[in-house]
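Asks: Okay, so here is target.cif, and as you'll see once you scroll down, it has mmCIF, C-alpha atoms.
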```cif
data_entry
#
loop_
_atom_site.label_atom_id
_atom_site.label_comp_id
_atom_site.auth_asym_id
_atom_site.auth_seq_id
_atom_site.Cartn_x
_atom_site.Cartn_y
_atom_site.Cartn_z
CA MET A 129 81.90 155.50 56.75
CA ILE A 130 79.16 158.09 57.15
CA THR A 131 78.72 159.89 60.46
CA GLY A 132 75.42 158.22 61.21
CA THR A 133 77.07 154.82 60.98
CA PHE A 134 79.66 155.83 63.59
CA VAL A 135 76.85 156.78 65.95
CA ASP A 136 74.85 153.67 65.16
CA THR A 137 77.85 151.43 65.75
CA TYR A 138 78.73 153.13 69.02
CA LEU A 139 75.16 152.81 70.31
CA ARG A 140 75.01 149.19 69.22
CA ASN A 141 78.25 148.47 71.05
CA ARG A 142 77.02 150.20 74.18
CA GLU A 143 73.76 148.26 74.05
CA ARG A 144 75.64 144.98 73.82
CA SER A 145 77.93 145.96 76.70
CA ARG A 146 74.92 146.85 78.86
CA ALA A 147 73.34 143.51 77.99
CA LEU A 148 76.51 141.76 79.17
CA PHE A 149 76.46 143.65 82.48
CA ASN A 150 72.77 142.79 82.84
CA LEU A 151 73.71 139.12 82.89
CA LEU A 152 75.25 139.69 86.32
CA THR A 153 73.65 139.87 89.72
CA GLU A 154 74.29 142.94 91.85
CA GLU A 155 76.82 141.25 94.13
CA ALA A 156 79.11 140.49 91.18
CA TYR A 157 79.74 144.16 90.37
CA TYR A 158 82.78 144.68 92.62
CA SER A 159 84.13 141.14 92.38
CA ARG A 160 87.41 140.22 90.72
CA PRO A 161 86.84 136.82 89.08
CA ILE A 162 90.32 136.84 87.48
CA HIS A 163 93.04 138.21 89.74
CA LEU A 164 95.10 139.16 86.67
CA ARG A 165 92.38 141.59 85.62
CA GLN A 166 90.70 144.57 87.23
CA PRO A 167 87.39 144.07 89.08
CA ILE A 168 84.19 144.18 87.05
CA VAL A 169 83.40 147.77 88.10
CA PHE A 170 86.50 148.91 86.21
CA TYR A 171 85.16 147.69 82.86
CA ASP A 172 81.85 149.46 83.37
CA GLY A 173 83.74 152.74 83.55
CA HIS A 174 86.62 151.86 81.25
CA LEU A 175 84.69 151.43 78.01
CA PRO A 176 83.11 154.92 77.90
CA ALA A 177 86.17 156.47 79.58
CA PHE A 178 88.47 155.18 76.86
CA SER A 179 86.11 156.47 74.19
CA PHE A 180 85.85 159.86 75.89
CA ASN A 181 89.59 160.16 76.56
CA THR A 182 90.57 159.12 73.04
CA LEU A 183 88.02 160.93 70.91
CA VAL A 184 86.58 163.79 72.93
CA LYS A 185 89.57 164.88 75.04
CA ARG A 186 92.64 163.99 72.99
CA ALA A 187 91.40 164.14 69.41
CA LEU A 188 88.89 167.00 69.75
CA GLY A 189 90.40 168.88 72.68
CA ARG A 190 87.23 169.17 74.74
CA PRO A 191 87.45 169.59 78.55
CA SER A 192 87.25 166.84 81.16
CA ILE A 193 84.14 165.48 82.82
CA ASP A 194 85.98 164.24 85.91
CA ALA A 195 89.74 164.01 85.56
CA GLN A 196 90.08 161.61 88.49
CA LEU A 197 87.58 159.11 87.07
CA GLU A 198 89.00 159.50 83.58
CA GLN A 199 92.38 158.49 84.97
CA LEU A 200 90.98 155.69 87.16
CA PHE A 201 89.24 154.08 84.22
CA ALA A 202 91.90 154.84 81.61
CA ARG A 203 93.76 151.54 81.28
CA GLY A 204 93.58 147.92 82.34
CA ILE A 205 96.50 145.70 83.31
CA ASP A 206 98.45 142.85 81.75
CA PRO A 207 100.43 141.36 84.65
CA ASP A 208 102.20 138.04 84.78
CA GLU A 209 101.18 135.20 87.07
CA SER A 210 103.12 136.64 90.03
CA TYR A 211 100.83 139.66 90.21
CA THR A 212 99.02 140.32 93.49
CA PRO A 213 96.39 143.10 93.57
CA ASP A 214 97.26 145.90 95.96
CA GLU A 215 94.76 147.23 98.46
CA ALA A 216 94.27 150.49 96.61
CA SER A 217 92.90 148.63 93.60
CA SER A 218 89.89 147.56 95.67
CA LEU A 219 88.82 151.15 96.40
CA TRP A 220 86.26 151.96 93.74
CA PRO A 221 83.49 154.56 93.53
CA SER A 222 79.86 153.70 94.15
CA ARG A 223 77.87 152.29 91.29
CA SER A 224 75.76 155.45 91.13
CA VAL A 225 78.89 157.59 90.72
CA VAL A 226 80.18 155.28 88.01
CA GLN A 227 76.83 155.36 86.24
CA ALA A 228 76.66 159.15 86.27
CA PHE A 229 80.12 159.32 84.72
CA VAL A 230 79.22 156.65 82.15
CA ASN A 231 76.06 158.50 81.13
CA GLU A 232 77.87 161.80 80.63
CA ALA A 233 80.77 160.18 78.75
CA ASP A 234 78.31 158.38 76.48
CA ARG A 235 76.43 161.62 75.86
CA GLN A 236 79.57 163.51 74.87
CA VAL A 237 80.97 160.72 72.73
CA THR A 238 77.67 160.32 70.89
CA ASP A 239 77.47 164.06 70.36
CA ALA A 240 81.01 164.12 68.96
CA LEU A 241 80.33 161.19 66.62
CA ALA A 242 77.17 162.88 65.37
CA ARG A 243 78.37 166.48 65.01
CA GLU A 244 82.12 166.62 64.49
CA GLU A 245 84.14 166.17 61.30
CA LEU A 246 85.88 162.93 62.23
CA ASP A 247 88.01 162.38 59.12
CA ARG A 248 90.60 165.16 58.99
CA PRO A 249 93.52 164.49 56.65
CA GLY A 250 96.83 165.20 58.35
CA HIS A 251 95.38 165.30 61.86
CA PRO A 252 97.41 162.93 64.07
CA LEU A 253 94.35 161.26 65.60
CA LEU A 254 91.62 161.93 63.05
CA ASP A 255 93.32 161.16 59.74
CA HIS A 256 91.10 158.46 58.16
CA ALA A 257 88.88 158.83 61.27
CA GLN A 258 91.38 156.77 63.25
CA ALA A 259 90.18 157.83 66.72
CA ALA A 260 86.55 157.01 65.89
CA PHE A 261 87.38 153.55 64.58
CA THR A 262 89.72 152.95 67.52
CA ILE A 263 87.02 153.48 70.14
CA LEU A 264 84.50 151.33 68.26
CA GLU A 265 86.78 148.31 67.88
CA HIS A 266 88.19 148.78 71.39
CA GLU A 267 84.75 148.24 72.89
CA ALA A 268 84.03 145.26 70.65
CA MET A 269 87.26 143.59 71.78
CA HIS A 270 86.63 144.33 75.44
CA GLN A 271 83.26 142.63 75.28
CA GLU A 272 85.17 139.40 74.75
CA THR A 273 87.54 140.25 77.59
CA MET A 274 84.56 140.75 79.87
CA LEU A 275 83.12 137.37 78.95
CA TYR A 276 86.41 135.70 79.94
CA MET A 277 85.80 137.23 83.35
CA TRP A 278 82.09 136.43 83.48
CA HIS A 279 83.00 132.82 82.74
CA ARG A 280 84.94 132.60 86.02
CA LEU A 281 82.11 133.93 88.17
CA PRO A 282 80.01 131.52 90.25
CA HIS A 283 77.02 130.45 88.19
CA GLU A 284 74.62 131.83 90.77
CA GLN A 285 75.93 135.33 90.03
CA LYS A 286 74.69 135.20 86.43
CA HIS A 287 71.27 135.19 84.79
CA VAL A 288 70.78 132.55 82.11
CA PRO A 289 69.44 134.08 78.86
CA ARG A 290 66.01 132.78 78.02
CA GLY A 291 66.11 129.73 75.79
CA TYR A 292 69.87 129.19 75.90
CA THR A 293 71.05 125.57 75.95
CA PRO A 294 74.66 124.58 75.19
CA ARG A 295 75.07 122.41 72.11
CA VAL A 296 76.92 119.33 73.35
CA GLU A 297 75.66 116.50 71.16
CA GLY A 298 77.80 114.25 69.02
CA ARG A 299 81.45 113.33 68.84
CA ALA A 300 84.24 115.23 67.19
CA PRO A 301 85.06 114.06 63.66
CA ARG A 302 88.39 112.36 63.20
CA ALA A 303 91.15 114.87 62.49
CA GLU A 304 92.85 114.24 59.18
CA TRP A 305 96.16 115.61 57.95
CA VAL A 306 96.12 117.92 54.94
CA ASP A 307 99.28 118.65 52.99
CA ILE A 308 99.63 122.33 52.12
CA PRO A 309 102.10 122.93 49.30
CA ALA A 310 104.73 125.64 49.51
CA GLY A 311 103.37 129.05 48.58
CA ARG A 312 102.96 132.68 49.49
CA ALA A 313 100.96 134.00 52.40
CA THR A 314 100.01 137.61 53.00
CA LEU A 315 100.52 138.96 56.50
CA GLY A 316 99.09 142.30 57.49
CA VAL A 317 97.30 144.83 55.34
CA ALA A 318 98.41 147.96 53.50
CA ARG A 319 97.69 151.19 55.33
CA GLY A 320 94.65 152.89 53.86
CA SER A 321 93.47 149.82 51.94
CA ILE A 322 90.78 149.03 54.51
CA ARG A 323 88.71 151.37 56.64
CA PHE A 324 90.66 150.60 59.78
CA GLY A 325 93.40 148.31 61.03
CA TRP A 326 95.38 148.27 64.27
CA ASP A 327 99.03 149.22 64.11
CA ASN A 328 100.26 145.62 64.44
CA GLU A 329 98.32 144.72 61.29
CA HIS A 330 100.52 147.02 59.17
CA PRO A 331 102.23 147.00 56.80
CA ARG A 332 101.18 144.34 54.32
CA HIS A 333 103.89 141.94 53.25
CA ALA A 334 104.06 138.52 51.66
CA ILE A 335 106.16 135.64 52.95
CA ASN A 336 107.15 132.31 51.47
CA VAL A 337 105.68 129.42 53.46
CA PRO A 338 107.41 126.06 52.95
CA ALA A 339 105.24 122.98 52.47
CA PHE A 340 103.69 121.70 55.68
CA ALA A 341 100.86 119.52 56.93
CA ILE A 342 98.06 120.63 59.24
CA GLU A 343 95.09 118.91 60.84
CA THR A 344 91.58 119.51 59.59
CA GLN A 345 90.17 119.80 63.12
CA ASP A 346 91.03 121.61 66.32
CA VAL A 347 92.11 119.34 69.14
CA SER A 348 88.97 118.29 71.01
CA ASN A 349 88.39 117.72 74.70
CA ASP A 350 88.26 114.01 73.86
CA ARG A 351 91.81 113.98 72.52
CA TYR A 352 93.13 116.23 75.25
CA LEU A 353 91.58 113.97 77.90
CA GLU A 354 93.76 111.15 76.66
CA PHE A 355 96.78 113.42 77.11
CA VAL A 356 95.75 114.36 80.66
CA GLU A 357 95.11 110.78 81.69
CA SER A 358 98.28 109.46 80.04
CA THR A 359 100.67 112.02 81.48
CA GLY A 360 99.04 113.21 84.69
CA ILE A 361 99.41 116.79 83.54
CA GLU A 362 97.18 119.41 85.17
CA PRO A 363 93.85 119.79 83.36
CA PRO A 364 92.90 123.03 81.60
CA ALA A 365 91.35 125.86 83.61
CA PHE A 366 87.95 125.19 82.05
CA TRP A 367 87.88 121.63 83.45
CA ALA A 368 87.14 120.44 86.98
CA ARG A 369 86.75 117.09 88.68
CA ARG A 370 83.23 116.89 90.12
CA ASP A 371 81.68 113.82 91.72
CA GLY A 372 84.39 111.63 90.26
CA ALA A 373 83.94 112.80 86.68
CA TRP A 374 85.30 115.56 84.48
CA SER A 375 83.11 118.60 84.00
CA TRP A 376 83.44 121.73 81.89
CA ARG A 377 82.86 125.20 83.33
CA GLY A 378 80.10 126.45 81.06
CA MET A 379 79.09 130.07 81.13
CA PHE A 380 75.90 129.32 83.08
CA GLU A 381 76.31 125.77 84.42
CA TRP A 382 78.69 122.90 84.92
CA ILE A 383 78.49 120.52 81.97
CA PRO A 384 79.71 116.91 81.80
CA LEU A 385 82.90 117.30 79.78
CA PRO A 386 81.72 117.81 76.16
CA LEU A 387 84.13 115.53 74.35
CA SER A 388 83.28 117.01 70.96
CA TRP A 389 84.14 120.61 71.89
CA PRO A 390 87.52 122.18 71.13
CA VAL A 391 89.76 122.17 74.16
CA TYR A 392 90.49 125.65 75.58
CA VAL A 393 94.08 125.78 76.82
CA THR A 394 97.11 128.01 77.27
CA GLN A 395 99.77 128.28 74.60
CA ALA A 396 102.11 126.35 76.91
CA GLU A 397 99.57 123.54 77.29
CA ALA A 398 98.96 123.44 73.55
CA SER A 399 102.71 123.23 72.92
CA ALA A 400 103.06 120.40 75.44
CA PHE A 401 100.28 118.42 73.78
CA ALA A 402 101.86 118.96 70.38
CA ARG A 403 105.20 117.60 71.60
CA TRP A 404 103.45 114.60 73.16
CA ALA A 405 101.69 113.94 69.84
CA GLY A 406 104.92 114.21 67.84
CA ALA A 407 103.85 117.42 66.14
CA ARG A 408 103.98 121.17 66.71
CA LEU A 409 101.85 124.30 66.59
CA PRO A 410 101.51 126.09 63.26
CA SER A 411 103.26 129.39 62.74
CA GLU A 412 101.31 132.55 62.02
CA GLY A 413 102.27 132.28 58.34
CA GLU A 414 101.15 128.65 58.16
CA PHE A 415 97.83 129.49 59.74
CA GLN A 416 97.38 132.31 57.26
CA ARG A 417 98.06 130.04 54.30
CA ALA A 418 95.79 127.27 55.61
CA ALA A 419 92.96 129.70 56.36
CA TYR A 420 93.04 132.09 53.41
CA GLY A 421 95.22 130.49 50.73
CA THR A 422 94.17 128.42 47.74
CA LEU A 423 95.87 125.94 45.44
CA GLU A 424 95.56 128.48 42.61
CA GLY A 425 97.61 131.00 44.60
CA ARG A 426 94.95 133.65 45.20
CA GLU A 427 93.86 134.45 48.74
CA ARG A 428 90.34 134.68 50.11
CA SER A 429 88.75 137.26 52.39
CA HIS A 430 87.51 134.46 54.64
CA PRO A 431 88.34 130.76 54.77
CA TRP A 432 85.06 129.96 52.99
CA GLY A 433 85.45 132.62 50.32
CA GLU A 434 84.06 136.11 49.79
CA ALA A 435 80.60 135.71 51.35
CA GLU A 436 79.90 137.86 54.40
CA PRO A 437 80.21 135.93 57.70
CA THR A 438 77.03 134.28 58.96
CA ALA A 439 76.20 131.80 61.71
CA ALA A 440 76.46 129.05 59.08
CA HIS A 441 80.19 129.73 58.73
CA GLY A 442 81.23 129.37 62.35
CA VAL A 443 80.73 130.16 66.02
CA PHE A 444 81.52 133.88 66.38
CA ASP A 445 79.87 137.26 66.97
CA PHE A 446 78.16 136.08 70.19
CA SER A 447 76.22 133.34 68.41
CA SER A 448 76.80 131.10 71.46
CA TRP A 449 77.87 131.56 75.06
CA ASP A 450 79.96 128.38 74.88
CA PRO A 451 81.80 126.46 72.16
CA GLU A 452 80.06 123.99 69.86
CA PRO A 453 81.25 120.61 68.51
CA VAL A 454 84.30 120.86 66.28
CA GLY A 455 83.60 120.56 62.57
CA SER A 456 79.91 121.37 62.96
CA HIS A 457 80.00 124.30 60.50
CA PRO A 458 81.12 122.78 57.18
CA SER A 459 80.09 125.93 55.31
CA GLY A 460 83.06 127.63 56.94
CA ARG A 461 85.72 125.27 55.60
CA SER A 462 88.77 126.66 53.88
CA ALA A 463 89.91 125.87 50.35
CA TRP A 464 91.84 122.93 51.82
CA ASP A 465 88.70 121.56 53.56
CA ILE A 466 89.92 122.61 57.03
CA ASP A 467 87.24 123.33 59.64
CA ASP A 468 86.83 126.09 62.21
CA LEU A 469 89.76 128.28 61.23
CA VAL A 470 87.57 131.27 62.09
CA GLY A 471 85.24 130.71 65.05
CA ASN A 472 84.76 128.38 68.01
CA GLY A 473 88.03 129.46 69.62
CA TRP A 474 91.09 131.52 68.84
CA GLU A 475 93.95 129.35 67.62
CA TRP A 476 97.37 129.47 69.23
CA THR A 477 100.38 129.73 66.97
CA SER A 478 104.06 129.24 67.71
CA THR A 479 104.82 132.82 66.62
CA PRO A 480 105.80 135.38 69.27
CA PHE A 481 103.85 138.62 68.97
CA GLU A 482 106.23 140.96 67.20
CA PRO A 483 105.93 143.98 64.90
CA PHE A 484 105.96 143.56 61.15
CA PRO A 485 108.85 145.28 59.34
CA GLY A 486 107.90 148.94 58.96
CA PHE A 487 105.69 149.01 62.07
CA HIS A 488 104.61 152.41 63.37
CA ALA A 489 102.64 152.86 66.59
CA MET A 490 99.23 154.39 66.02
CA ALA A 491 98.63 157.91 67.30
CA SER A 492 95.21 157.20 68.78
CA TYR A 493 96.48 154.31 70.95
CA PRO A 494 100.31 154.25 70.79
CA GLU A 495 100.73 151.64 73.55
CA TYR A 496 98.17 149.23 72.05
CA SER A 497 100.73 146.85 70.54
CA ALA A 498 104.16 148.21 71.37
CA GLU A 499 104.04 147.36 75.08
CA PHE A 500 103.52 143.68 74.26
CA PHE A 501 106.47 143.12 71.93
CA ASP A 502 108.31 141.46 74.78
CA GLY A 503 108.79 137.84 73.73
CA GLN A 504 106.23 136.70 76.31
CA HIS A 505 103.08 136.97 74.19
CA TYR A 506 102.09 134.71 71.30
CA VAL A 507 99.95 135.37 68.26
CA MET A 508 96.46 133.90 68.09
CA LYS A 509 94.43 133.85 64.90
CA GLY A 510 90.83 133.13 63.95
CA ALA A 511 88.01 134.01 66.33
CA SER A 512 86.09 132.75 69.35
CA PRO A 513 82.34 132.62 70.03
CA ALA A 514 82.67 136.10 71.57
CA THR A 515 84.65 137.75 68.76
CA ALA A 516 82.74 140.56 67.08
CA ARG A 517 81.99 140.28 63.38
CA GLU A 518 84.02 143.40 62.49
CA LEU A 519 87.21 141.69 63.69
CA LEU A 520 86.93 138.76 61.28
CA ARG A 521 89.49 140.09 58.82
CA PRO A 522 92.56 138.14 57.69
CA SER A 523 95.01 140.71 59.06
CA PHE A 524 93.61 140.83 62.60
CA ARG A 525 95.98 139.50 65.26
CA ASN A 526 95.23 138.65 68.87
CA TRP A 527 97.82 137.77 71.51
CA PHE A 528 98.20 136.59 75.09
CA ARG A 529 100.91 135.35 77.41
CA ALA A 530 101.84 131.69 76.98
CA GLN A 531 100.57 130.78 80.47
CA TYR A 532 97.32 132.77 80.42
CA PRO A 533 94.57 130.18 81.09
CA TYR A 534 91.27 132.03 80.71
CA VAL A 535 91.09 132.97 77.05
CA TYR A 536 88.81 131.15 74.60
CA ALA A 537 91.74 129.63 72.72
CA THR A 538 92.25 126.22 71.20
CA PHE A 539 94.79 124.83 68.75
CA ARG A 540 95.43 122.35 65.97
CA LEU A 541 98.52 120.37 65.12
CA ALA A 542 101.00 120.97 62.31
CA ARG A 543 104.13 119.23 61.11
CA ASP A 544 106.79 119.62 58.44
#
```
Take the structure in the file and write it out as structure tokens.
Replies:
Amino acid sequence: MITGTFVDTYLRNRERSRALFNLLTEEAYYSRPIHLRQPIVFYDGHLPAFSFNTLVKRALGRPSIDAQLEQLFARGIDPDESYTPDEASSLWPSRSVVQAFVNEADRQVTDALAREELDRPGHPLLDHAQAAFTILEHEAMHQETMLYMWHRLPHEQKHVPRGYTPRVEGRAPRAEWVDIPAGRATLGVARGSIRFGWDNEHPRHAINVPAFAIETQDVSNDRYLEFVESTGIEPPAFWARRDGAWSWRGMFEWIPLPLSWPVYVTQAEASAFARWAGARLPSEGEFQRAAYGTLEGRERSHPWGEAEPTAAHGVFDFSSWDPEPVGSHPSGRSAWDIDDLVGNGWEWTSTPFEPFPGFHAMASYPEYSAEFFDGQHYVMKGASPATARELLRPSFRNWFRAQYPYVYATFRLARD
């Protein structure tokens, strides 16, 4: 990657982040729409602070801007459901102070990306330009995290983008079972074979996947509604009972429950539905084979083949603020004619988030994965409407706690 592209990508990321903050009214800035996350002000400072701390301070050895703010905005939190914010967490600097820090951090990061030699063989943080790639993908991932939070804000605290209307028409197609024969699936990617991969994506290894069956469609709100009404189970966090009918918490308005959309649920809720339906969740290896495998044995770069991702292939890269009907992007089908394996919602698997054999923590962000190998987080694959295009690679892994209710995550059924 040439230096100019690093700068261009950083500026593009920052522009998108600013656009996301511009969706909010002023009174939302210090609010905490998800108690398991920091308040919104934190993320305004965190994105440039992480970039400055990682690239400018640690990798290049330049001096601090403001050590106190660099520490305040250094890291987020990943608490369990028992977490209660302490009083100190509500003491944040004024928006003008945050903005001054953000502007200076952006200036120094941009200068470093434009002027420094960022690929230094043998350097712990700059070998293969690791620190530069780390800060770019970190911001892209956090843009999705921020939208989870924005989604929980009252609608009156957000500005609706001009011309945006959720796509709610139609009914979900009937889910069919597809038999996937036994075969090999590649997990991870070899170090150095792609421009950048997070530590949990390495090393590449192949596994044998026994024959299994998987559904062609994600479970829709329509199907999950039957489960809720049959069992009396609590509805998903995106649903609410309003005026005697089910509604869905859209990004900018309440919507009569769109029956054709994929249901967004926790891993625990997905597992409960699967048991009720006499099935189970797919493993990470099964998802990988269904998404990227072929009958001939070769593997694809994307479910649909080698073509670069476009809006025709699925709902990702901020192409929509909400989901769209399942199965509405047939150009994105896999070799087995399975829909939506990438886009419209991350897909829960039954696989705990664990390191691959030969895992090594990355120098530029050593705690990125290692702190979550605790048996409480589960692998998600695919992508959501808010997943950046650069993350749509077969080796990319996402993860959350089994009970976390706010992520854009759906699921499909599998069976032996």
Asks: Just the residues within 6 Å of region 345-355 of chain A, please, counting all atoms listed in the file, with nothing from its chain fewer than 6 positions along; format it as a list in words.
Replies: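 Returned residues: Ala303, Leu387, Ser388, Trp389, Pro390, Val391, Asp467, Phe539 and Arg540 of chain A.
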Asks: Please determine, counting all atoms listed in the file, which residue among A:Phe446, A:Trp305, A:Tyr420, A:Tyr534 has the shortest atom-to-atom distance to Glu343 (chain A).
Replies: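 Of A:Phe446, A:Trp305, A:Tyr420, A:Tyr534, the one nearest Glu343 (chain A) is A:Trp305, counting all atoms listed in the file.
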Asks: Hey, which of A:Ala147, A:Ala259, A:Ala440, A:Ile168 ends up closest to Lys185 (chain A)? Count all atoms listed in the file.
Replies: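 Looking at the shortest contact to Lys185 (chain A), the residue is A:Ala259.
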Asks: Find the residues near Arg295 (chain A): any atom within 12 Å, counting only C-alpha atoms, skip ones fewer than 3 places away on the same chain, and give them as a list in words.
Replies: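 So, after excluding close chain neighbours, the residues are Tyr292, Gly298, Arg299, Gly378, Ile383, Pro386, Leu387, Ser388, Trp389, Val443, Ser447, Ser448, Trp449, Asp450, Pro451, Glu452, Pro453, Val454 and Ser456 of chain A.
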Asks: Just checking: using only C-alpha atoms, which residue out of A:Glu362, A:Glu304, A:Glu381, A:Glu232 ends up closest to Arg280 (chain A)?
Replies: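 Comparing A:Glu362, A:Glu304, A:Glu381, A:Glu232 against Arg280 (chain A), the winner is A:Glu381.
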Asks: Identify the residues within 6 Å of coordinate (104.2, 147.5, 65.1) (same frame as the file), considering only C-alpha atoms, and give the answer as number ranges by chain.
Replies: A: 327-328, 483-484, 487-489
Asks: State, in Å with one decimal place, the distance from CA of Ser492 (chain A) to CA of Phe528 (chain A).
Replies: 21.8 Å
Asks: Determine the residue membership of the PyMOL selection byres ((chain A and resi 184) around 12) for the file above and supply it as a PyMOL selection string.
Replies: chain A and resi 176-183+185-193+198+232-241+243-244+246+253-254+259-260+263+492
Asks: Would you list the contacts of Arg517 (chain A) as a list in words, taking every protein, DNA or RNA residue within 8 Å and counting all atoms listed in the file, but skipping same-chain residues closer than 6 positions in sequence?
Replies: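 The contact residues come out as Pro437, Phe444 and Asp445 of chain A.
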Asks: Could you jot down the CA of Val507 (chain A) to CA of Phe170 (chain A) separation for me, Å, one decimal place?
Replies: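 Taking CA of Val507 (chain A) as the start and CA of Phe170 (chain A) as the end point, the length is 26.2 Å.
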